[in-house]
file model12.txt (compact mmCIF, C-alpha atoms)
# COMPACT_ATOMS: atom_id res chain seq x y z
CA MET A 1 69.45 37.06 123.55
CA GLU A 2 70.62 37.45 127.12
CA GLU A 3 68.62 35.29 129.47
CA ASN A 4 67.30 36.70 132.71
CA GLN A 5 69.11 35.38 135.76
CA VAL A 6 66.88 33.12 137.80
CA ILE A 7 67.35 33.30 141.57
CA ALA A 8 65.50 30.88 143.83
CA MET A 9 63.19 32.68 146.22
CA PRO A 10 63.70 31.96 149.92
CA ARG A 11 61.00 29.84 151.51
CA ILE A 12 59.37 29.54 154.90
CA GLY A 13 61.77 27.63 157.15
CA ASP A 14 64.89 28.81 155.27
CA PRO A 15 67.59 30.92 156.92
CA ALA A 16 67.12 34.55 155.93
CA PRO A 17 69.57 35.39 153.10
CA GLU A 18 72.49 37.40 154.45
CA PHE A 19 73.56 40.81 153.19
CA LYS A 20 75.30 44.03 154.18
CA ALA A 21 73.74 47.30 153.11
CA MET A 22 73.63 51.03 153.69
CA THR A 23 70.43 52.38 155.20
CA THR A 24 69.01 55.64 156.47
CA GLN A 25 70.27 54.55 159.90
CA GLY A 26 73.78 53.51 158.79
CA GLU A 27 75.20 50.19 157.64
CA ILE A 28 73.52 46.95 158.69
CA ASN A 29 74.67 43.35 158.60
CA PHE A 30 71.48 41.35 158.10
CA PRO A 31 70.23 39.28 159.84
CA HIS A 32 73.26 39.09 162.18
CA ASP A 33 72.59 42.53 163.70
CA TYR A 34 69.08 41.42 164.69
CA LYS A 35 69.89 38.13 166.39
CA GLY A 36 67.57 37.60 169.36
CA SER A 37 64.77 39.75 167.89
CA TRP A 38 61.98 39.15 165.46
CA VAL A 39 62.30 41.23 162.28
CA ILE A 40 59.82 42.33 159.67
CA LEU A 41 61.77 42.99 156.46
CA PHE A 42 59.52 44.67 153.92
CA SER A 43 59.98 46.17 150.48
CA HIS A 44 58.21 48.95 148.64
CA PRO A 45 58.27 49.99 144.97
CA ALA A 46 59.59 53.55 145.13
CA ASP A 47 60.06 56.68 147.21
CA PHE A 48 57.73 59.66 146.77
CA THR A 49 54.75 57.46 145.87
CA PRO A 50 51.38 57.80 147.61
CA VAL A 51 50.74 54.17 148.63
CA CYS A 52 54.26 53.83 150.03
CA THR A 53 53.92 57.12 151.89
CA SER A 54 50.72 55.93 153.59
CA GLU A 55 52.43 52.66 154.51
CA PHE A 56 55.56 54.21 155.97
CA MET A 57 53.53 56.64 158.04
CA THR A 58 51.46 53.75 159.39
CA PHE A 59 54.45 51.53 160.14
CA ALA A 60 56.30 54.40 161.82
CA SER A 61 53.26 55.21 163.95
CA MET A 62 53.08 51.55 165.04
CA GLU A 63 56.83 51.00 165.48
CA GLN A 64 56.74 51.10 169.29
CA LYS A 65 53.92 48.55 169.29
CA PHE A 66 56.05 46.18 167.20
CA ASN A 67 59.15 46.87 169.29
CA GLU A 68 57.28 45.97 172.48
CA ALA A 69 56.65 42.56 170.91
CA ASN A 70 60.43 42.16 170.38
CA CYS A 71 60.18 42.97 166.68
CA LYS A 72 62.33 45.35 164.62
CA LEU A 73 61.27 46.90 161.32
CA VAL A 74 63.54 47.11 158.26
CA GLY A 75 62.38 48.63 154.97
CA LEU A 76 63.85 48.32 151.48
CA SER A 77 63.54 50.18 148.21
CA VAL A 78 65.58 50.10 145.03
CA ASP A 79 65.91 53.88 145.26
CA GLY A 80 69.10 55.55 146.50
CA LEU A 81 69.98 56.73 149.99
CA TYR A 82 69.62 60.47 149.26
CA SER A 83 66.18 59.86 147.75
CA HIS A 84 65.23 57.93 150.90
CA ILE A 85 66.39 60.76 153.16
CA ALA A 86 64.57 63.43 151.15
CA TRP A 87 61.36 61.37 151.09
CA LEU A 88 61.40 60.66 154.83
CA ARG A 89 62.02 64.36 155.53
CA THR A 90 59.05 65.23 153.33
CA ILE A 91 56.86 62.79 155.26
CA LYS A 92 57.85 64.38 158.57
CA GLU A 93 57.63 67.99 157.48
CA LYS A 94 54.72 68.09 155.03
CA ILE A 95 52.41 65.07 155.09
CA GLU A 96 49.35 64.71 157.30
CA TYR A 97 47.26 61.60 156.72
CA LYS A 98 44.49 59.99 158.79
CA GLY A 99 45.41 62.04 161.84
CA MET A 100 49.12 61.18 161.50
CA LYS A 101 51.48 64.14 161.15
CA ASN A 102 55.07 65.04 162.04
CA VAL A 103 55.78 61.32 161.58
CA GLU A 104 59.46 60.48 161.89
CA VAL A 105 60.61 57.18 160.40
CA THR A 106 63.38 55.92 162.68
CA PHE A 107 63.68 52.34 161.46
CA PRO A 108 66.26 51.70 158.71
CA LEU A 109 65.35 51.99 155.04
CA ILE A 110 67.80 50.04 152.86
CA GLU A 111 69.37 51.54 149.76
CA ASP A 112 69.25 48.87 147.05
CA ILE A 113 69.85 50.58 143.73
CA THR A 114 71.71 47.48 142.48
CA MET A 115 68.64 45.37 143.39
CA ASP A 116 70.97 42.78 144.94
CA VAL A 117 68.95 42.42 148.13
CA ALA A 118 65.61 42.60 146.33
CA LYS A 119 66.67 39.75 144.04
CA LYS A 120 67.93 37.62 146.95
CA TYR A 121 64.50 37.86 148.52
CA GLY A 122 62.46 37.52 145.32
CA MET A 123 61.09 41.03 145.66
CA ILE A 124 61.41 41.75 141.94
CA GLN A 125 58.47 40.14 140.14
CA PRO A 126 58.88 40.56 136.36
CA GLY A 127 55.13 40.27 135.80
CA GLU A 128 54.72 43.46 137.84
CA SER A 129 57.95 45.34 137.08
CA ASN A 130 61.59 44.64 136.28
CA THR A 131 62.76 47.70 138.20
CA LYS A 132 60.46 48.00 141.21
CA ALA A 133 60.16 45.74 144.25
CA VAL A 134 56.68 44.45 145.00
CA ARG A 135 55.29 44.87 148.53
CA ALA A 136 56.96 41.82 150.07
CA VAL A 137 56.88 41.12 153.81
CA PHE A 138 59.21 38.65 155.53
CA PHE A 139 58.77 37.68 159.18
CA ILE A 140 62.13 36.46 160.50
CA ASP A 141 62.46 34.91 163.94
CA PRO A 142 65.19 35.50 166.57
CA LYS A 143 67.23 32.64 165.12
CA GLY A 144 67.24 34.20 161.65
CA ILE A 145 64.70 31.78 160.15
CA ILE A 146 61.97 32.95 157.76
CA ARG A 147 58.62 32.14 159.35
CA THR A 148 56.06 33.90 157.14
CA ILE A 149 56.13 35.48 153.68
CA ILE A 150 53.39 37.76 152.32
CA TYR A 151 53.41 39.36 148.87
CA TYR A 152 51.24 42.23 147.69
CA PRO A 153 51.11 43.73 144.17
CA LEU A 154 52.34 47.26 143.54
CA SER A 155 48.82 48.71 143.66
CA LEU A 156 47.71 47.22 147.00
CA GLY A 157 48.57 48.81 150.33
CA ARG A 158 49.20 46.46 153.23
CA ASN A 159 46.97 45.87 156.28
CA PHE A 160 49.24 46.69 159.20
CA GLU A 161 46.93 45.41 161.91
CA GLU A 162 47.08 42.07 160.10
CA LEU A 163 50.89 42.19 160.08
CA TYR A 164 50.82 42.76 163.84
CA ARG A 165 48.32 39.91 164.27
CA VAL A 166 50.61 37.57 162.35
CA LEU A 167 53.56 38.52 164.57
CA ILE A 168 51.61 37.86 167.78
CA ALA A 169 50.15 34.61 166.41
CA LEU A 170 53.60 33.29 165.45
CA GLN A 171 54.98 34.04 168.89
CA THR A 172 51.90 32.59 170.61
CA ALA A 173 52.26 29.34 168.66
CA ASP A 174 55.93 29.12 169.68
CA GLU A 175 55.39 30.00 173.34
CA PHE A 176 52.37 27.77 174.00
CA GLY A 177 52.81 24.92 171.50
CA ILE A 178 49.47 25.53 169.80
CA ALA A 179 48.07 26.62 166.44
CA THR A 180 45.73 29.52 165.77
CA PRO A 181 42.44 29.13 163.87
CA ALA A 182 40.99 31.37 161.18
CA ASP A 183 40.70 35.03 162.14
CA TRP A 184 42.36 34.38 165.52
CA GLN A 185 42.95 37.32 167.82
CA PRO A 186 44.63 37.23 171.26
CA GLY A 187 42.04 35.96 173.73
CA ASP A 188 40.31 33.65 171.24
CA ASP A 189 40.42 29.89 171.67
CA VAL A 190 43.47 28.17 170.20
CA ILE A 191 43.90 24.78 168.53
CA VAL A 192 45.69 22.05 170.45
CA PRO A 193 47.96 19.61 168.58
CA PRO A 194 46.11 16.64 167.04
CA ALA A 195 45.83 13.52 169.18
CA GLY A 196 48.92 11.37 168.81
CA SER A 197 47.24 8.11 169.72
CA CYS A 198 43.88 6.38 169.59
CA GLY A 199 43.71 6.54 173.39
CA THR A 200 44.20 10.28 173.49
CA ALA A 201 41.64 10.76 170.74
CA LYS A 202 39.14 8.60 172.66
CA ASP A 203 39.73 10.51 175.91
CA ARG A 204 39.23 13.83 174.18
CA MET A 205 36.00 12.78 172.52
CA GLU A 206 34.71 11.49 175.84
CA GLY A 207 35.42 14.86 177.43
CA LYS A 208 37.94 13.58 179.97
CA ASP A 209 40.00 16.77 179.65
CA PRO A 210 37.72 19.60 180.83
CA ASN A 211 40.05 22.23 179.34
CA VAL A 212 39.70 20.88 175.81
CA LYS A 213 36.66 21.23 173.53
CA CYS A 214 36.55 18.80 170.59
CA PHE A 215 34.52 19.19 167.40
CA ASP A 216 35.91 15.86 166.26
CA TRP A 217 38.94 13.80 167.29
CA PHE A 218 41.32 15.79 165.07
CA PHE A 219 39.93 19.28 165.79
CA CYS A 220 40.12 20.39 169.42
CA THR A 221 40.50 23.80 171.01
CA LYS A 222 41.21 25.26 174.41
CA LYS A 223 40.95 28.67 176.01
CA LEU A 224 44.00 30.92 176.18
CA ASP A 225 43.18 34.31 177.61
CA LYS A 226 44.57 37.52 176.18
CA ASP A 227 46.42 38.59 179.33
CA THR A 228 48.34 35.29 179.44
CA VAL A 229 49.35 35.68 175.80
CA MET A 230 50.39 39.32 175.94
CA LYS A 231 52.25 39.06 179.26
CA LYS A 232 54.37 36.31 177.73
CA ILE A 233 55.10 38.20 174.52
CA LEU A 234 55.32 41.89 175.35
CA LYS A 235 58.47 43.39 176.83
CA LYS A 236 58.31 44.62 180.39

call {"tool": "encode", "arguments": {"input": "model12.txt", "output": "C-alpha cells"}}
result
Amino acid sequence: MEENQVIAMPRIGDPAPEFKAMTTQGEINFPHDYKGSWVILFSHPADFTPVCTSEFMTFASMEQKFNEANCKLVGLSVDGLYSHIAWLRTIKEKIEYKGMKNVEVTFPLIEDITMDVAKKYGMIQPGESNTKAVRAVFFIDPKGIIRTIIYYPLSLGRNFEELYRVLIALQTADEFGIATPADWQPGDDVIVPPAGSCGTAKDRMEGKDPNVKCFDWFFCTKKLDKDTVMKKILKK
C-alpha cells in the first residue's frame, strides 16, 4: 500500500515556505514579491461554494482597510485558474450579500490544482478532506516570517474583524515592545514586559512608576491610546 507523504507543517517563527504560482492577478513569487509588507495568506476549500463566497466578498470589501495597515491579501484554492476567474466574475455580477454587491476581488487568488502550495503550508487536513484545503490563515511579517497561524474547519466561516484585530495587535506589539491581553482592541491597556529584576518588581509594586498599573509583580499594564497606535501603524 502506498503511504501518504508526510510534510512538516510550517510553524510560528519559521520563514514562510517559498513558491511560484499563477494567480488571478498573474504570476507571483512568494513571499519575495511581498517583502516589506505584511501578508495574510489564506486558503479556502473550493470555488462556487457559499461559505467561501461570503468570505471573499467580506475580504474584498475590507481590502483597503488591510492595505492601509501595510498588509496584502493572497488567497489560495486547489481549483484551477479559469474556475477562479468565473467564480470571481459571478461574485461581482450576481451576488448581493449583507449589503455588499458589485464586489470586485482584486487581490490574487492562487491556482493550486497540484496542491503543491497547500501541502507546503499544511492546508490539506486528511481528517477533513484529501482534496480540499481547510480555511487556513497565515500572517507573514515584512521579513517573510510566519507570525500567526489560524485554522478553521471546512464548515466554519472566518471572523474577519478578528483577523484585522490580530494584524493590528501583532504590529502594536512590534512597534511598542508590549503584549496585548485577552480581547484587546486598540485603545485598551497593554501589558508591559515582566520585571527583569527584583528591584524593578519591587518598584512596580510600590507604584514608583505612575504610568504602570500592577496586579502583581509579574502582571502589569499601561495605557496606550488608540490614536498613538493607529498613527504608528496606518499608512499616511

call {"tool": "closest_residue", "arguments": {"input": "model12.txt", "among": "A:Ile168, A:Met62, A:Val134, A:Ala118", "to": "Thr106 (chain A)", "atoms": "only C-alpha atoms"}}
result
A:Met62

call {"tool": "closest_residue", "arguments": {"input": "model12.txt", "among": "A:Ile150, A:Leu224, A:Leu81, A:Ile145", "to": "Lys35 (chain A)", "atoms": "all atoms listed in the file"}}
result
A:Ile145

call {"tool": "atom_distance", "arguments": {"input": "model12.txt", "atom1": "CA of Asp189 (chain A)", "atom2": "CA of Lys223 (chain A)"}}
result
4.5 Å

call {"tool": "closest_residue", "arguments": {"input": "model12.txt", "among": "A:Lys202, A:Thr58, A:Phe215, A:Tyr97", "to": "Leu163 (chain A)", "atoms": "all atoms listed in the file"}}
result
A:Thr58

call {"tool": "residues_around", "arguments": {"input": "model12.txt", "residues": "region 16-24 of chain A", "least_positions_apart": "4", "cutoff": "9 Å", "atoms": "all atoms listed in the file", "output": "PDB file with C-alpha atoms, keeping the file's coordinate frame"}}
result
ATOM      1  CA  PRO A  10      63.700  31.960 149.920  1.00  0.00           C
ATOM      2  CA  ARG A  11      61.000  29.840 151.510  1.00  0.00           C
ATOM      3  CA  ILE A  28      73.520  46.950 158.690  1.00  0.00           C
ATOM      4  CA  ASN A  29      74.670  43.350 158.600  1.00  0.00           C
ATOM      5  CA  PHE A  30      71.480  41.350 158.100  1.00  0.00           C
ATOM      6  CA  PRO A  31      70.230  39.280 159.840  1.00  0.00           C
ATOM      7  CA  HIS A  32      73.260  39.090 162.180  1.00  0.00           C
ATOM      8  CA  GLY A  75      62.380  48.630 154.970  1.00  0.00           C
ATOM      9  CA  LEU A  76      63.850  48.320 151.480  1.00  0.00           C
ATOM     10  CA  LEU A  81      69.980  56.730 149.990  1.00  0.00           C
ATOM     11  CA  TYR A  82      69.620  60.470 149.260  1.00  0.00           C
ATOM     12  CA  HIS A  84      65.230  57.930 150.900  1.00  0.00           C
ATOM     13  CA  ILE A  85      66.390  60.760 153.160  1.00  0.00           C
ATOM     14  CA  THR A 106      63.380  55.920 162.680  1.00  0.00           C
ATOM     15  CA  PHE A 107      63.680  52.340 161.460  1.00  0.00           C
ATOM     16  CA  PRO A 108      66.260  51.700 158.710  1.00  0.00           C
ATOM     17  CA  LEU A 109      65.350  51.990 155.040  1.00  0.00           C
ATOM     18  CA  ILE A 110      67.800  50.040 152.860  1.00  0.00           C
ATOM     19  CA  GLU A 111      69.370  51.540 149.760  1.00  0.00           C
ATOM     20  CA  ASP A 112      69.250  48.870 147.050  1.00  0.00           C
ATOM     21  CA  ASP A 116      70.970  42.780 144.940  1.00  0.00           C
ATOM     22  CA  VAL A 117      68.950  42.420 148.130  1.00  0.00           C
ATOM     23  CA  LYS A 120      67.930  37.620 146.950  1.00  0.00           C
ATOM     24  CA  TYR A 121      64.500  37.860 148.520  1.00  0.00           C
ATOM     25  CA  PHE A 138      59.210  38.650 155.530  1.00  0.00           C
ATOM     26  CA  ILE A 140      62.130  36.460 160.500  1.00  0.00           C
ATOM     27  CA  GLY A 144      67.240  34.200 161.650  1.00  0.00           C
ATOM     28  CA  ILE A 145      64.700  31.780 160.150  1.00  0.00           C
ATOM     29  CA  ILE A 146      61.970  32.950 157.760  1.00  0.00           C
TER      30      ILE A 146
END

call {"tool": "residues_around", "arguments": {"input": "model12.txt", "residues": "Val192 (chain A)", "least_positions_apart": "4", "cutoff": "9 Å", "atoms": "all atoms listed in the file", "output": "PyMOL selection string"}}
result
chain A and resi 177-180+212+219-222

call {"tool": "write_last_selection", "arguments": {"input": "model12.txt", "atoms": "C-alpha atoms", "output": "compact mmCIF listing (two decimals), in the coordinates of the input"}}
result
# COMPACT_ATOMS: atom_id res chain seq x y z
CA GLY A 177 52.81 24.92 171.50
CA ILE A 178 49.47 25.53 169.80
CA ALA A 179 48.07 26.62 166.44
CA THR A 180 45.73 29.52 165.77
CA VAL A 212 39.70 20.88 175.81
CA PHE A 219 39.93 19.28 165.79
CA CYS A 220 40.12 20.39 169.42
CA THR A 221 40.50 23.80 171.01
CA LYS A 222 41.21 25.26 174.41

call {"tool": "closest_residue", "arguments": {"input": "model12.txt", "among": "A:Asn211, A:Ser61, A:Asn70, A:Ser83", "to": "Ser37 (chain A)", "atoms": "only C-alpha atoms"}}
result
A:Asn70

call {"tool": "atom_distance", "arguments": {"input": "model12.txt", "atom1": "CA of Val39 (chain A)", "atom2": "CA of Glu162 (chain A)"}}
result
15.4 Å

call {"tool": "closest_residue", "arguments": {"input": "model12.txt", "among": "A:Glu104, A:Glu27, A:Glu206, A:Asp14", "to": "Phe56 (chain A)", "atoms": "only C-alpha atoms"}}
result
A:Glu104

call {"tool": "closest_residue", "arguments": {"input": "model12.txt", "among": "A:Gln185, A:Gln25, A:Asn102, A:Ser43", "to": "Tyr151 (chain A)", "atoms": "only C-alpha atoms"}}
result
A:Ser43

call {"tool": "atom_distance", "arguments": {"input": "model12.txt", "atom1": "CA of Met230 (chain A)", "atom2": "CA of Ile40 (chain A)"}}
result
19.0 Å

call {"tool": "residues_near_point", "arguments": {"input": "model12.txt", "point": "(57.3, 30.1, 165.5)", "cutoff": "10 Å", "atoms": "only C-alpha atoms", "output": "ChimeraX atom specification"}}
result
/A:13,139-142,145-148,167-175,177,179
